[in-house]
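J.: Just one file: entry21.cif, with mmCIF, N, CA and C atoms.
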```cif
data_work
#
loop_
_atom_site.label_atom_id
_atom_site.label_comp_id
_atom_site.auth_asym_id
_atom_site.auth_seq_id
_atom_site.Cartn_x
_atom_site.Cartn_y
_atom_site.Cartn_z
N MET Q 1 -1.74 -0.84 1.08
CA MET Q 1 -2.08 -0.27 2.36
C MET Q 1 -2.25 -1.42 3.36
N ILE Q 2 -1.70 -1.24 4.53
CA ILE Q 2 -1.79 -2.26 5.55
C ILE Q 2 -2.04 -1.62 6.91
N GLY Q 3 -2.44 -2.43 7.87
CA GLY Q 3 -2.57 -1.99 9.25
C GLY Q 3 -4.00 -1.71 9.66
N LYS Q 4 -4.19 -1.57 11.00
CA LYS Q 4 -5.48 -1.23 11.60
C LYS Q 4 -5.27 0.04 12.42
N TYR Q 5 -6.19 0.98 12.29
CA TYR Q 5 -6.06 2.28 12.94
C TYR Q 5 -7.38 2.67 13.59
N PRO Q 6 -7.48 2.58 14.91
CA PRO Q 6 -8.71 3.04 15.57
C PRO Q 6 -8.81 4.56 15.44
N ALA Q 7 -10.03 5.04 15.29
CA ALA Q 7 -10.25 6.48 15.14
C ALA Q 7 -11.63 6.82 15.67
N LYS Q 8 -11.88 8.13 15.80
CA LYS Q 8 -13.18 8.62 16.25
C LYS Q 8 -13.62 9.74 15.33
N LEU Q 9 -14.90 9.76 15.02
CA LEU Q 9 -15.47 10.90 14.30
C LEU Q 9 -15.47 12.11 15.22
N ASP Q 10 -15.13 13.26 14.67
CA ASP Q 10 -15.25 14.47 15.48
C ASP Q 10 -16.69 14.99 15.40
N GLU Q 11 -16.96 16.13 16.02
CA GLU Q 11 -18.32 16.67 16.07
C GLU Q 11 -18.88 17.05 14.70
N LYS Q 12 -18.02 17.20 13.70
CA LYS Q 12 -18.46 17.53 12.35
C LYS Q 12 -18.39 16.33 11.41
N SER Q 13 -18.39 15.12 11.98
CA SER Q 13 -18.34 13.86 11.22
C SER Q 13 -17.10 13.75 10.35
N ARG Q 14 -15.97 14.21 10.90
CA ARG Q 14 -14.71 14.11 10.17
C ARG Q 14 -13.82 13.07 10.85
N LEU Q 15 -12.96 12.48 10.03
CA LEU Q 15 -11.96 11.53 10.51
C LEU Q 15 -10.58 12.06 10.15
N PHE Q 16 -9.59 11.65 10.92
CA PHE Q 16 -8.21 11.95 10.59
C PHE Q 16 -7.67 10.84 9.71
N VAL Q 17 -6.92 11.21 8.68
CA VAL Q 17 -6.23 10.21 7.86
C VAL Q 17 -5.08 9.68 8.72
N PRO Q 18 -5.03 8.37 8.96
CA PRO Q 18 -3.90 7.83 9.73
C PRO Q 18 -2.57 8.20 9.08
N SER Q 19 -1.60 8.58 9.88
CA SER Q 19 -0.32 9.05 9.34
C SER Q 19 0.33 8.03 8.43
N LYS Q 20 0.18 6.75 8.73
CA LYS Q 20 0.80 5.70 7.90
C LYS Q 20 0.14 5.57 6.52
N LEU Q 21 -1.08 6.10 6.37
CA LEU Q 21 -1.78 6.00 5.08
C LEU Q 21 -1.74 7.29 4.27
N ARG Q 22 -1.28 8.37 4.86
CA ARG Q 22 -1.33 9.68 4.20
C ARG Q 22 -0.62 9.69 2.85
N GLY Q 23 0.58 9.17 2.79
CA GLY Q 23 1.33 9.16 1.54
C GLY Q 23 0.67 8.30 0.48
N GLU Q 24 0.11 7.16 0.91
CA GLU Q 24 -0.52 6.25 -0.05
C GLU Q 24 -1.85 6.79 -0.58
N LEU Q 25 -2.61 7.46 0.26
CA LEU Q 25 -3.91 7.98 -0.18
C LEU Q 25 -3.77 9.24 -1.02
N GLY Q 26 -2.75 10.02 -0.78
CA GLY Q 26 -2.53 11.22 -1.57
C GLY Q 26 -3.41 12.38 -1.14
N GLU Q 27 -3.43 13.41 -1.97
CA GLU Q 27 -4.14 14.65 -1.64
C GLU Q 27 -5.65 14.54 -1.79
N ALA Q 28 -6.11 13.60 -2.59
CA ALA Q 28 -7.55 13.37 -2.77
C ALA Q 28 -7.77 11.87 -2.96
N PHE Q 29 -8.88 11.40 -2.42
CA PHE Q 29 -9.24 9.99 -2.55
C PHE Q 29 -10.75 9.89 -2.54
N PHE Q 30 -11.26 8.70 -2.75
CA PHE Q 30 -12.70 8.49 -2.87
C PHE Q 30 -13.17 7.47 -1.85
N VAL Q 31 -14.33 7.74 -1.26
CA VAL Q 31 -14.93 6.82 -0.29
C VAL Q 31 -16.32 6.47 -0.80
N THR Q 32 -16.63 5.17 -0.77
CA THR Q 32 -17.94 4.72 -1.21
C THR Q 32 -18.36 3.48 -0.44
N LEU Q 33 -19.51 2.95 -0.81
CA LEU Q 33 -20.06 1.76 -0.18
C LEU Q 33 -19.09 0.60 -0.30
N GLY Q 34 -19.06 -0.22 0.72
CA GLY Q 34 -18.23 -1.42 0.69
C GLY Q 34 -18.93 -2.54 1.43
N VAL Q 35 -18.43 -3.73 1.22
CA VAL Q 35 -18.93 -4.90 1.94
C VAL Q 35 -17.78 -5.89 2.02
N ASN Q 36 -17.67 -6.56 3.15
CA ASN Q 36 -16.60 -7.53 3.35
C ASN Q 36 -17.19 -8.69 4.13
N CYS Q 37 -17.26 -9.85 3.51
CA CYS Q 37 -17.81 -11.07 4.15
C CYS Q 37 -19.19 -10.82 4.74
N GLY Q 38 -20.04 -10.10 4.03
CA GLY Q 38 -21.39 -9.85 4.49
C GLY Q 38 -21.54 -8.71 5.48
N HIS Q 39 -20.46 -8.05 5.82
CA HIS Q 39 -20.49 -6.91 6.74
C HIS Q 39 -20.39 -5.61 5.95
N ARG Q 40 -21.19 -4.63 6.33
CA ARG Q 40 -21.13 -3.32 5.69
C ARG Q 40 -19.95 -2.52 6.21
N CYS Q 41 -19.26 -1.87 5.30
CA CYS Q 41 -18.17 -0.97 5.63
C CYS Q 41 -18.08 0.04 4.50
N LEU Q 42 -17.11 0.91 4.54
CA LEU Q 42 -16.85 1.85 3.46
C LEU Q 42 -15.50 1.52 2.86
N THR Q 43 -15.36 1.71 1.57
CA THR Q 43 -14.09 1.44 0.91
C THR Q 43 -13.48 2.76 0.46
N ILE Q 44 -12.18 2.90 0.72
CA ILE Q 44 -11.42 4.08 0.31
C ILE Q 44 -10.56 3.68 -0.88
N TYR Q 45 -10.66 4.45 -1.95
CA TYR Q 45 -9.86 4.23 -3.16
C TYR Q 45 -8.94 5.42 -3.39
N THR Q 46 -7.71 5.15 -3.76
CA THR Q 46 -6.83 6.24 -4.19
C THR Q 46 -7.39 6.79 -5.50
N ALA Q 47 -6.93 7.95 -5.90
CA ALA Q 47 -7.38 8.54 -7.17
C ALA Q 47 -7.09 7.59 -8.33
N GLY Q 48 -5.92 6.95 -8.32
CA GLY Q 48 -5.56 6.03 -9.39
C GLY Q 48 -6.46 4.80 -9.43
N GLU Q 49 -6.75 4.23 -8.27
CA GLU Q 49 -7.64 3.06 -8.20
C GLU Q 49 -9.06 3.45 -8.59
N TRP Q 50 -9.49 4.66 -8.21
CA TRP Q 50 -10.83 5.13 -8.58
C TRP Q 50 -10.94 5.28 -10.10
N GLN Q 51 -9.88 5.78 -10.71
CA GLN Q 51 -9.86 5.93 -12.16
C GLN Q 51 -10.01 4.57 -12.84
N LYS Q 52 -9.29 3.57 -12.35
CA LYS Q 52 -9.41 2.20 -12.91
C LYS Q 52 -10.82 1.66 -12.73
N LEU Q 53 -11.38 1.87 -11.54
CA LEU Q 53 -12.74 1.41 -11.26
C LEU Q 53 -13.73 2.09 -12.20
N SER Q 54 -13.56 3.38 -12.41
CA SER Q 54 -14.44 4.14 -13.30
C SER Q 54 -14.33 3.64 -14.74
N GLU Q 55 -13.12 3.37 -15.18
CA GLU Q 55 -12.92 2.85 -16.53
C GLU Q 55 -13.58 1.49 -16.69
N ASN Q 56 -13.44 0.63 -15.69
CA ASN Q 56 -14.09 -0.69 -15.74
C ASN Q 56 -15.60 -0.54 -15.78
N TYR Q 57 -16.14 0.37 -14.99
CA TYR Q 57 -17.57 0.62 -14.97
C TYR Q 57 -18.05 1.13 -16.33
N ASN Q 58 -17.33 2.08 -16.89
CA ASN Q 58 -17.73 2.65 -18.18
C ASN Q 58 -17.62 1.64 -19.32
N ALA Q 59 -16.83 0.60 -19.15
CA ALA Q 59 -16.70 -0.44 -20.17
C ALA Q 59 -17.85 -1.45 -20.12
N LEU Q 60 -18.65 -1.41 -19.06
CA LEU Q 60 -19.78 -2.33 -18.94
C LEU Q 60 -20.90 -1.95 -19.91
N SER Q 61 -21.73 -2.92 -20.21
CA SER Q 61 -22.91 -2.62 -21.02
C SER Q 61 -23.87 -1.79 -20.17
N ILE Q 62 -24.83 -1.15 -20.82
CA ILE Q 62 -25.79 -0.31 -20.12
C ILE Q 62 -26.55 -1.13 -19.07
N SER Q 63 -26.93 -2.35 -19.40
CA SER Q 63 -27.68 -3.17 -18.44
C SER Q 63 -26.82 -3.54 -17.23
N GLN Q 64 -25.53 -3.73 -17.43
CA GLN Q 64 -24.64 -4.06 -16.32
C GLN Q 64 -24.36 -2.85 -15.43
N ARG Q 65 -24.54 -1.64 -15.98
CA ARG Q 65 -24.31 -0.41 -15.19
C ARG Q 65 -25.51 -0.05 -14.32
N ALA Q 66 -26.58 -0.81 -14.41
CA ALA Q 66 -27.78 -0.53 -13.63
C ALA Q 66 -27.66 -1.15 -12.24
N GLY Q 67 -28.60 -0.81 -11.38
CA GLY Q 67 -28.70 -1.46 -10.08
C GLY Q 67 -27.55 -1.17 -9.14
N ALA Q 68 -27.15 -2.22 -8.44
CA ALA Q 68 -26.17 -2.08 -7.37
C ALA Q 68 -24.84 -1.51 -7.87
N THR Q 69 -24.44 -1.84 -9.08
CA THR Q 69 -23.16 -1.34 -9.59
C THR Q 69 -23.15 0.19 -9.59
N SER Q 70 -24.24 0.80 -10.01
CA SER Q 70 -24.28 2.26 -10.06
C SER Q 70 -24.34 2.89 -8.67
N LEU Q 71 -24.81 2.15 -7.67
CA LEU Q 71 -24.88 2.69 -6.31
C LEU Q 71 -23.49 3.03 -5.76
N ILE Q 72 -22.48 2.31 -6.22
CA ILE Q 72 -21.11 2.57 -5.78
C ILE Q 72 -20.71 4.00 -6.17
N PHE Q 73 -21.11 4.43 -7.36
CA PHE Q 73 -20.76 5.76 -7.84
C PHE Q 73 -21.72 6.83 -7.34
N MET Q 74 -23.01 6.50 -7.27
CA MET Q 74 -24.00 7.47 -6.80
C MET Q 74 -23.73 7.94 -5.38
N ASN Q 75 -23.18 7.05 -4.57
CA ASN Q 75 -23.00 7.35 -3.15
C ASN Q 75 -21.56 7.65 -2.77
N ALA Q 76 -20.70 7.79 -3.76
CA ALA Q 76 -19.29 8.06 -3.49
C ALA Q 76 -19.07 9.51 -3.07
N ALA Q 77 -18.02 9.71 -2.30
CA ALA Q 77 -17.61 11.06 -1.89
C ALA Q 77 -16.14 11.24 -2.24
N GLU Q 78 -15.84 12.34 -2.91
CA GLU Q 78 -14.43 12.69 -3.14
C GLU Q 78 -13.95 13.42 -1.89
N CYS Q 79 -12.86 12.96 -1.33
CA CYS Q 79 -12.36 13.51 -0.07
C CYS Q 79 -11.01 14.18 -0.28
N THR Q 80 -10.92 15.40 0.16
CA THR Q 80 -9.67 16.16 0.14
C THR Q 80 -9.41 16.59 1.58
N PRO Q 81 -8.48 15.93 2.25
CA PRO Q 81 -8.22 16.28 3.66
C PRO Q 81 -7.76 17.73 3.82
N ASP Q 82 -8.13 18.30 4.97
CA ASP Q 82 -7.68 19.66 5.29
C ASP Q 82 -6.24 19.62 5.81
N LYS Q 83 -5.74 20.74 6.28
CA LYS Q 83 -4.34 20.82 6.72
C LYS Q 83 -4.06 19.96 7.95
N GLN Q 84 -5.10 19.62 8.70
CA GLN Q 84 -4.93 18.73 9.85
C GLN Q 84 -5.18 17.26 9.46
N PHE Q 85 -5.30 17.00 8.16
CA PHE Q 85 -5.53 15.66 7.60
C PHE Q 85 -6.88 15.09 8.00
N ARG Q 86 -7.89 15.94 8.15
CA ARG Q 86 -9.25 15.50 8.43
C ARG Q 86 -10.05 15.50 7.14
N PHE Q 87 -10.98 14.55 7.06
CA PHE Q 87 -11.89 14.52 5.91
C PHE Q 87 -13.28 14.16 6.40
N GLY Q 88 -14.28 14.65 5.69
CA GLY Q 88 -15.66 14.42 6.06
C GLY Q 88 -16.30 13.29 5.30
N LEU Q 89 -17.32 12.73 5.90
CA LEU Q 89 -18.12 11.68 5.26
C LEU Q 89 -19.58 12.11 5.26
N THR Q 90 -20.31 11.67 4.26
CA THR Q 90 -21.72 12.04 4.16
C THR Q 90 -22.55 11.28 5.19
N PRO Q 91 -23.67 11.86 5.61
CA PRO Q 91 -24.56 11.14 6.54
C PRO Q 91 -24.99 9.78 5.98
N PHE Q 92 -25.24 9.71 4.66
CA PHE Q 92 -25.65 8.43 4.09
C PHE Q 92 -24.57 7.37 4.23
N LEU Q 93 -23.31 7.71 3.92
CA LEU Q 93 -22.23 6.73 4.05
C LEU Q 93 -22.07 6.28 5.50
N LEU Q 94 -22.15 7.21 6.44
CA LEU Q 94 -22.04 6.85 7.85
C LEU Q 94 -23.17 5.92 8.26
N SER Q 95 -24.38 6.23 7.81
CA SER Q 95 -25.53 5.39 8.13
C SER Q 95 -25.40 4.00 7.51
N TYR Q 96 -25.02 3.94 6.25
CA TYR Q 96 -24.86 2.66 5.56
C TYR Q 96 -23.93 1.72 6.33
N ALA Q 97 -22.80 2.26 6.81
CA ALA Q 97 -21.81 1.43 7.49
C ALA Q 97 -22.07 1.31 9.00
N GLY Q 98 -23.15 1.93 9.48
CA GLY Q 98 -23.47 1.85 10.90
C GLY Q 98 -22.46 2.56 11.79
N ILE Q 99 -21.85 3.60 11.25
CA ILE Q 99 -20.81 4.32 11.99
C ILE Q 99 -21.45 5.42 12.82
N ASP Q 100 -21.15 5.41 14.12
CA ASP Q 100 -21.61 6.51 14.97
C ASP Q 100 -20.42 7.35 15.40
N ARG Q 101 -19.54 6.83 16.20
CA ARG Q 101 -18.39 7.63 16.64
C ARG Q 101 -17.08 6.86 16.51
N GLU Q 102 -17.04 5.64 17.04
CA GLU Q 102 -15.83 4.83 17.05
C GLU Q 102 -15.70 4.08 15.73
N VAL Q 103 -14.55 4.22 15.09
CA VAL Q 103 -14.32 3.54 13.82
C VAL Q 103 -12.98 2.81 13.83
N MET Q 104 -12.82 1.94 12.86
CA MET Q 104 -11.55 1.29 12.60
C MET Q 104 -11.26 1.49 11.12
N ILE Q 105 -10.10 2.03 10.82
CA ILE Q 105 -9.65 2.20 9.44
C ILE Q 105 -8.61 1.10 9.21
N VAL Q 106 -8.82 0.30 8.18
CA VAL Q 106 -7.92 -0.83 7.93
C VAL Q 106 -7.40 -0.80 6.49
N GLY Q 107 -6.14 -1.16 6.34
CA GLY Q 107 -5.57 -1.28 5.01
C GLY Q 107 -5.97 -2.60 4.38
N ARG Q 108 -6.17 -2.58 3.09
CA ARG Q 108 -6.55 -3.80 2.37
C ARG Q 108 -5.88 -3.77 1.00
N ALA Q 109 -4.57 -3.98 1.01
CA ALA Q 109 -3.77 -3.98 -0.23
C ALA Q 109 -3.92 -2.63 -0.92
N GLY Q 110 -4.57 -2.54 -2.09
CA GLY Q 110 -4.67 -1.31 -2.85
C GLY Q 110 -5.76 -0.36 -2.39
N GLN Q 111 -6.55 -0.77 -1.40
CA GLN Q 111 -7.60 0.10 -0.86
C GLN Q 111 -7.49 0.10 0.66
N ALA Q 112 -8.36 0.85 1.28
CA ALA Q 112 -8.54 0.81 2.73
C ALA Q 112 -10.03 0.75 2.99
N GLU Q 113 -10.39 0.38 4.20
CA GLU Q 113 -11.80 0.32 4.58
C GLU Q 113 -12.01 1.11 5.87
N ILE Q 114 -13.22 1.65 6.00
CA ILE Q 114 -13.64 2.33 7.22
C ILE Q 114 -14.80 1.52 7.78
N TRP Q 115 -14.66 1.10 9.01
CA TRP Q 115 -15.65 0.25 9.67
C TRP Q 115 -16.18 0.92 10.93
N SER Q 116 -17.41 0.61 11.28
CA SER Q 116 -17.89 0.83 12.64
C SER Q 116 -17.00 -0.05 13.51
N ALA Q 117 -16.50 0.47 14.63
CA ALA Q 117 -15.62 -0.33 15.49
C ALA Q 117 -16.32 -1.61 15.94
N LYS Q 118 -17.61 -1.54 16.25
CA LYS Q 118 -18.35 -2.73 16.69
C LYS Q 118 -18.47 -3.74 15.56
N GLU Q 119 -18.77 -3.27 14.36
CA GLU Q 119 -18.91 -4.18 13.22
C GLU Q 119 -17.57 -4.83 12.88
N PHE Q 120 -16.49 -4.06 12.98
CA PHE Q 120 -15.17 -4.62 12.69
C PHE Q 120 -14.80 -5.69 13.72
N GLU Q 121 -15.14 -5.44 14.96
CA GLU Q 121 -14.87 -6.43 16.01
C GLU Q 121 -15.58 -7.75 15.70
N ALA Q 122 -16.84 -7.66 15.27
CA ALA Q 122 -17.60 -8.87 14.90
C ALA Q 122 -16.98 -9.56 13.69
N PHE Q 123 -16.61 -8.78 12.68
CA PHE Q 123 -15.96 -9.32 11.47
C PHE Q 123 -14.67 -10.06 11.84
N GLU Q 124 -13.86 -9.42 12.67
CA GLU Q 124 -12.58 -10.02 13.03
C GLU Q 124 -12.79 -11.30 13.84
N ALA Q 125 -13.74 -11.28 14.76
CA ALA Q 125 -14.02 -12.48 15.57
C ALA Q 125 -14.47 -13.64 14.69
N GLU Q 126 -15.31 -13.35 13.69
CA GLU Q 126 -15.80 -14.38 12.76
C GLU Q 126 -14.69 -14.97 11.91
N ASN Q 127 -13.77 -14.14 11.51
CA ASN Q 127 -12.79 -14.55 10.50
C ASN Q 127 -11.40 -14.87 11.03
N LEU Q 128 -11.15 -14.61 12.28
CA LEU Q 128 -9.83 -14.85 12.85
C LEU Q 128 -9.77 -16.28 13.42
N THR Q 129 -9.95 -17.25 12.52
CA THR Q 129 -9.85 -18.66 12.89
C THR Q 129 -8.75 -19.29 12.05
N PRO Q 130 -8.11 -20.34 12.56
CA PRO Q 130 -7.06 -21.00 11.76
C PRO Q 130 -7.56 -21.46 10.40
N GLU Q 131 -8.79 -21.98 10.34
CA GLU Q 131 -9.33 -22.49 9.07
C GLU Q 131 -9.49 -21.36 8.04
N LYS Q 132 -10.06 -20.26 8.49
CA LYS Q 132 -10.29 -19.15 7.56
C LYS Q 132 -8.98 -18.47 7.17
N LEU Q 133 -8.04 -18.38 8.10
CA LEU Q 133 -6.73 -17.80 7.76
C LEU Q 133 -6.01 -18.68 6.76
N LEU Q 134 -6.05 -19.99 6.96
CA LEU Q 134 -5.39 -20.91 6.03
C LEU Q 134 -6.01 -20.80 4.64
N ALA Q 135 -7.34 -20.77 4.57
CA ALA Q 135 -8.02 -20.63 3.28
C ALA Q 135 -7.63 -19.32 2.60
N SER Q 136 -7.50 -18.23 3.38
CA SER Q 136 -7.10 -16.94 2.82
C SER Q 136 -5.68 -16.99 2.28
N LEU Q 137 -4.78 -17.59 3.04
CA LEU Q 137 -3.38 -17.71 2.58
C LEU Q 137 -3.29 -18.54 1.31
N GLU Q 138 -4.05 -19.62 1.24
CA GLU Q 138 -4.06 -20.45 0.03
C GLU Q 138 -4.63 -19.68 -1.16
N ALA Q 139 -5.66 -18.85 -0.90
CA ALA Q 139 -6.30 -18.10 -1.99
C ALA Q 139 -5.33 -17.10 -2.62
N ILE Q 140 -4.39 -16.57 -1.83
CA ILE Q 140 -3.43 -15.60 -2.39
C ILE Q 140 -2.09 -16.24 -2.74
N GLY Q 141 -2.10 -17.59 -2.76
CA GLY Q 141 -0.94 -18.29 -3.28
C GLY Q 141 0.18 -18.57 -2.29
N LEU Q 142 -0.10 -18.52 -1.01
CA LEU Q 142 0.92 -18.84 -0.01
C LEU Q 142 0.76 -20.23 0.52
#
```
So that I can check it, write out the structure of this file as structure tokens.

T.:
Amino acid sequence: MIGKYPAKLDEKSRLFVPSKLRGELGEAFFVTLGVNCGHRCLTIYTAGEWQKLSENYNALSISQRAGATSLIFMNAAECTPDKQFRFGLTPFLLSYAGIDREVMIVGRAGQAEIWSAKEFEAFEAENLTPEKLLASLEAIGL
């Protein structure tokens, strides 16, 4: 998944699935807590990626499944968009990510993220430097 898509929550706290992501996300996907470089956001997983994440979680020891790791699953929402490609988010998820109305949905390889537009602007300003871009390119082997 790639790209940036500005969006707005409607009066029922629903978002539209960006048309470019509809095929990749499929008929159902999962949204849960996320974090990127110290900024709170929400992470969207396809059903296949969620299954892998669940299998990895279930393979952990009981002590490793405690605490923050379990919060990812406790606070997750399974989303099935309606015919207009809208999906709802829980009040807790919206609060966690500081989302009020304006959001940015961004692709991130095998997942996507939902950000408060203000928080995403701060994240992008912090990280859109030649030094950080070069380090990122080197980290992925370019």

J.: List every residue of region 7-106 of chain Q that DSSP, applied to the backbone of this structure, assigns to helix (DSSP H, G or I), and report them as a ChimeraX atom specification.

T.: /Q:19-25,47-58,68-74,91-96

J.: Would you kindly return, as a PyMOL selection string, each protein, DNA or RNA residue with an atom no farther than 12 Å from any atom of Cys37 (chain Q), considering only C-alpha atoms and excluding same-chain residues fewer than 4 positions away?

T.: chain Q and resi 41+119-120+122-124+126-127+132

J.: Check what the PyMOL selection byres ((chain Q and resi 85) around 6) selects in the file above and give those residues as a list in words.

T.: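 Listing what the PyMOL selection byres ((chain Q and resi 85) around 6) selects in the shown file: Leu15, Phe16, Val17, Pro81, Asp82, Lys83, Gln84, Arg86 and Phe87 of chain Q.
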
J.: Pick out each residue of chain Q that DSSP on the backbone tags as strand (DSSP E or B); I need them as JSON, numbers by chain.

T.: {"Q": [4, 5, 6, 7, 8, 14, 15, 16, 29, 30, 31, 32, 33, 34, 35, 36, 39, 40, 41, 42, 43, 44, 45, 46, 77, 78, 79, 86, 87, 88, 102, 103, 104, 105, 106, 107, 108, 111, 112, 113, 114, 115, 116]}

J.: Can you pull out every residue within 6.5 Å of Trp115 (chain Q), counting all atoms listed in the file, but drop anything in the same chain fewer than 2 positions away, and send it as an NGL selection string?

T.: :Q and (40-42 or 97 or 99 or 102-106 or 113 or 117-120)

J.: Could you tell me which residues the PyMOL selection byres (((chain Q and resi 47 and name CA) around 12) and name CA) grabs in this file, written as a PDB file with N, CA and C atoms, keeping the file's coordinate frame?

T.:
```pdb
ATOM      1  N   GLU Q  24       0.110   7.160   0.910  1.00  0.00           N
ATOM      2  CA  GLU Q  24      -0.520   6.250  -0.050  1.00  0.00           C
ATOM      3  C   GLU Q  24      -1.850   6.790  -0.580  1.00  0.00           C
ATOM      4  N   LEU Q  25      -2.610   7.460   0.260  1.00  0.00           N
ATOM      5  CA  LEU Q  25      -3.910   7.980  -0.180  1.00  0.00           C
ATOM      6  C   LEU Q  25      -3.770   9.240  -1.020  1.00  0.00           C
ATOM      7  N   GLY Q  26      -2.750  10.020  -0.780  1.00  0.00           N
ATOM      8  CA  GLY Q  26      -2.530  11.220  -1.570  1.00  0.00           C
ATOM      9  C   GLY Q  26      -3.410  12.380  -1.140  1.00  0.00           C
ATOM     10  N   GLU Q  27      -3.430  13.410  -1.970  1.00  0.00           N
ATOM     11  CA  GLU Q  27      -4.140  14.650  -1.640  1.00  0.00           C
ATOM     12  C   GLU Q  27      -5.650  14.540  -1.790  1.00  0.00           C
ATOM     13  N   ALA Q  28      -6.110  13.600  -2.590  1.00  0.00           N
ATOM     14  CA  ALA Q  28      -7.550  13.370  -2.770  1.00  0.00           C
ATOM     15  C   ALA Q  28      -7.770  11.870  -2.960  1.00  0.00           C
ATOM     16  N   PHE Q  29      -8.880  11.400  -2.420  1.00  0.00           N
ATOM     17  CA  PHE Q  29      -9.240   9.990  -2.550  1.00  0.00           C
ATOM     18  C   PHE Q  29     -10.750   9.890  -2.540  1.00  0.00           C
ATOM     19  N   PHE Q  30     -11.260   8.700  -2.750  1.00  0.00           N
ATOM     20  CA  PHE Q  30     -12.700   8.490  -2.870  1.00  0.00           C
ATOM     21  C   PHE Q  30     -13.170   7.470  -1.850  1.00  0.00           C
ATOM     22  N   VAL Q  31     -14.330   7.740  -1.260  1.00  0.00           N
ATOM     23  CA  VAL Q  31     -14.930   6.820  -0.290  1.00  0.00           C
ATOM     24  C   VAL Q  31     -16.320   6.470  -0.800  1.00  0.00           C
ATOM     25  N   ILE Q  44     -12.180   2.900   0.720  1.00  0.00           N
ATOM     26  CA  ILE Q  44     -11.420   4.080   0.310  1.00  0.00           C
ATOM     27  C   ILE Q  44     -10.560   3.680  -0.880  1.00  0.00           C
ATOM     28  N   TYR Q  45     -10.660   4.450  -1.950  1.00  0.00           N
ATOM     29  CA  TYR Q  45      -9.860   4.230  -3.160  1.00  0.00           C
ATOM     30  C   TYR Q  45      -8.940   5.420  -3.390  1.00  0.00           C
ATOM     31  N   THR Q  46      -7.710   5.150  -3.760  1.00  0.00           N
ATOM     32  CA  THR Q  46      -6.830   6.240  -4.190  1.00  0.00           C
ATOM     33  C   THR Q  46      -7.390   6.790  -5.500  1.00  0.00           C
ATOM     34  N   GLY Q  48      -5.920   6.950  -8.320  1.00  0.00           N
ATOM     35  CA  GLY Q  48      -5.560   6.030  -9.390  1.00  0.00           C
ATOM     36  C   GLY Q  48      -6.460   4.800  -9.430  1.00  0.00           C
ATOM     37  N   GLU Q  49      -6.750   4.230  -8.270  1.00  0.00           N
ATOM     38  CA  GLU Q  49      -7.640   3.060  -8.200  1.00  0.00           C
ATOM     39  C   GLU Q  49      -9.060   3.450  -8.590  1.00  0.00           C
ATOM     40  N   TRP Q  50      -9.490   4.660  -8.210  1.00  0.00           N
ATOM     41  CA  TRP Q  50     -10.830   5.130  -8.580  1.00  0.00           C
ATOM     42  C   TRP Q  50     -10.940   5.280 -10.100  1.00  0.00           C
ATOM     43  N   GLN Q  51      -9.880   5.780 -10.710  1.00  0.00           N
ATOM     44  CA  GLN Q  51      -9.860   5.930 -12.160  1.00  0.00           C
ATOM     45  C   GLN Q  51     -10.010   4.570 -12.840  1.00  0.00           C
ATOM     46  N   LYS Q  52      -9.290   3.570 -12.350  1.00  0.00           N
ATOM     47  CA  LYS Q  52      -9.410   2.200 -12.910  1.00  0.00           C
ATOM     48  C   LYS Q  52     -10.820   1.660 -12.730  1.00  0.00           C
ATOM     49  N   LEU Q  53     -11.380   1.870 -11.540  1.00  0.00           N
ATOM     50  CA  LEU Q  53     -12.740   1.410 -11.260  1.00  0.00           C
ATOM     51  C   LEU Q  53     -13.730   2.090 -12.200  1.00  0.00           C
ATOM     52  N   SER Q  54     -13.560   3.380 -12.410  1.00  0.00           N
ATOM     53  CA  SER Q  54     -14.440   4.140 -13.300  1.00  0.00           C
ATOM     54  C   SER Q  54     -14.330   3.640 -14.740  1.00  0.00           C
ATOM     55  N   ALA Q  77     -18.020   9.710  -2.300  1.00  0.00           N
ATOM     56  CA  ALA Q  77     -17.610  11.060  -1.890  1.00  0.00           C
ATOM     57  C   ALA Q  77     -16.140  11.240  -2.240  1.00  0.00           C
ATOM     58  N   GLU Q  78     -15.840  12.340  -2.910  1.00  0.00           N
ATOM     59  CA  GLU Q  78     -14.430  12.690  -3.140  1.00  0.00           C
ATOM     60  C   GLU Q  78     -13.950  13.420  -1.890  1.00  0.00           C
ATOM     61  N   CYS Q  79     -12.860  12.960  -1.330  1.00  0.00           N
ATOM     62  CA  CYS Q  79     -12.360  13.510  -0.070  1.00  0.00           C
ATOM     63  C   CYS Q  79     -11.010  14.180  -0.280  1.00  0.00           C
ATOM     64  N   THR Q  80     -10.920  15.400   0.160  1.00  0.00           N
ATOM     65  CA  THR Q  80      -9.670  16.160   0.140  1.00  0.00           C
ATOM     66  C   THR Q  80      -9.410  16.590   1.580  1.00  0.00           C
ATOM     67  N   GLY Q 110      -4.570  -2.540  -2.090  1.00  0.00           N
ATOM     68  CA  GLY Q 110      -4.670  -1.310  -2.850  1.00  0.00           C
ATOM     69  C   GLY Q 110      -5.760  -0.360  -2.390  1.00  0.00           C
ATOM     70  N   GLN Q 111      -6.550  -0.770  -1.400  1.00  0.00           N
ATOM     71  CA  GLN Q 111      -7.600   0.100  -0.860  1.00  0.00           C
ATOM     72  C   GLN Q 111      -7.490   0.100   0.660  1.00  0.00           C
TER      73      GLN Q 111
END
```

J.: With all atoms listed in the file as the atoms that count, which of Q:Leu21, Q:Arg14, Q:Leu137, Q:Gly3 lies nearest to Gly88 (chain Q)?

T.: Q:Arg14

J.: Do a neighbour search on Ala76 (chain Q) at 8 Å with all atoms listed in the file, toss out local chain neighbours closer than 4 positions, and write the hits as a ChimeraX atom specification.

T.: /Q:30-33,70-72,90

J.: Which distance in Å separates atom N of Ser19 (chain Q) and atom C of Ala109 (chain Q), to one decimal?

T.: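 Going from atom N of Ser19 (chain Q) over to atom C of Ala109 (chain Q), I get 15.7 Å.
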
J.: Pick out the residues sitting within 8 Å of Arg101 (chain Q), and hand them over as an MDAnalysis selection string; count only C-alpha atoms, and ignore anything fewer than 3 positions along from it in its own chain.

T.: chainID Q and resid 8:10 116

J.: Between atom C of Leu93 (chain Q) and CA of Glu55 (chain Q), what distance in Å does the model show, to one decimal?

T.: 24.1 Å
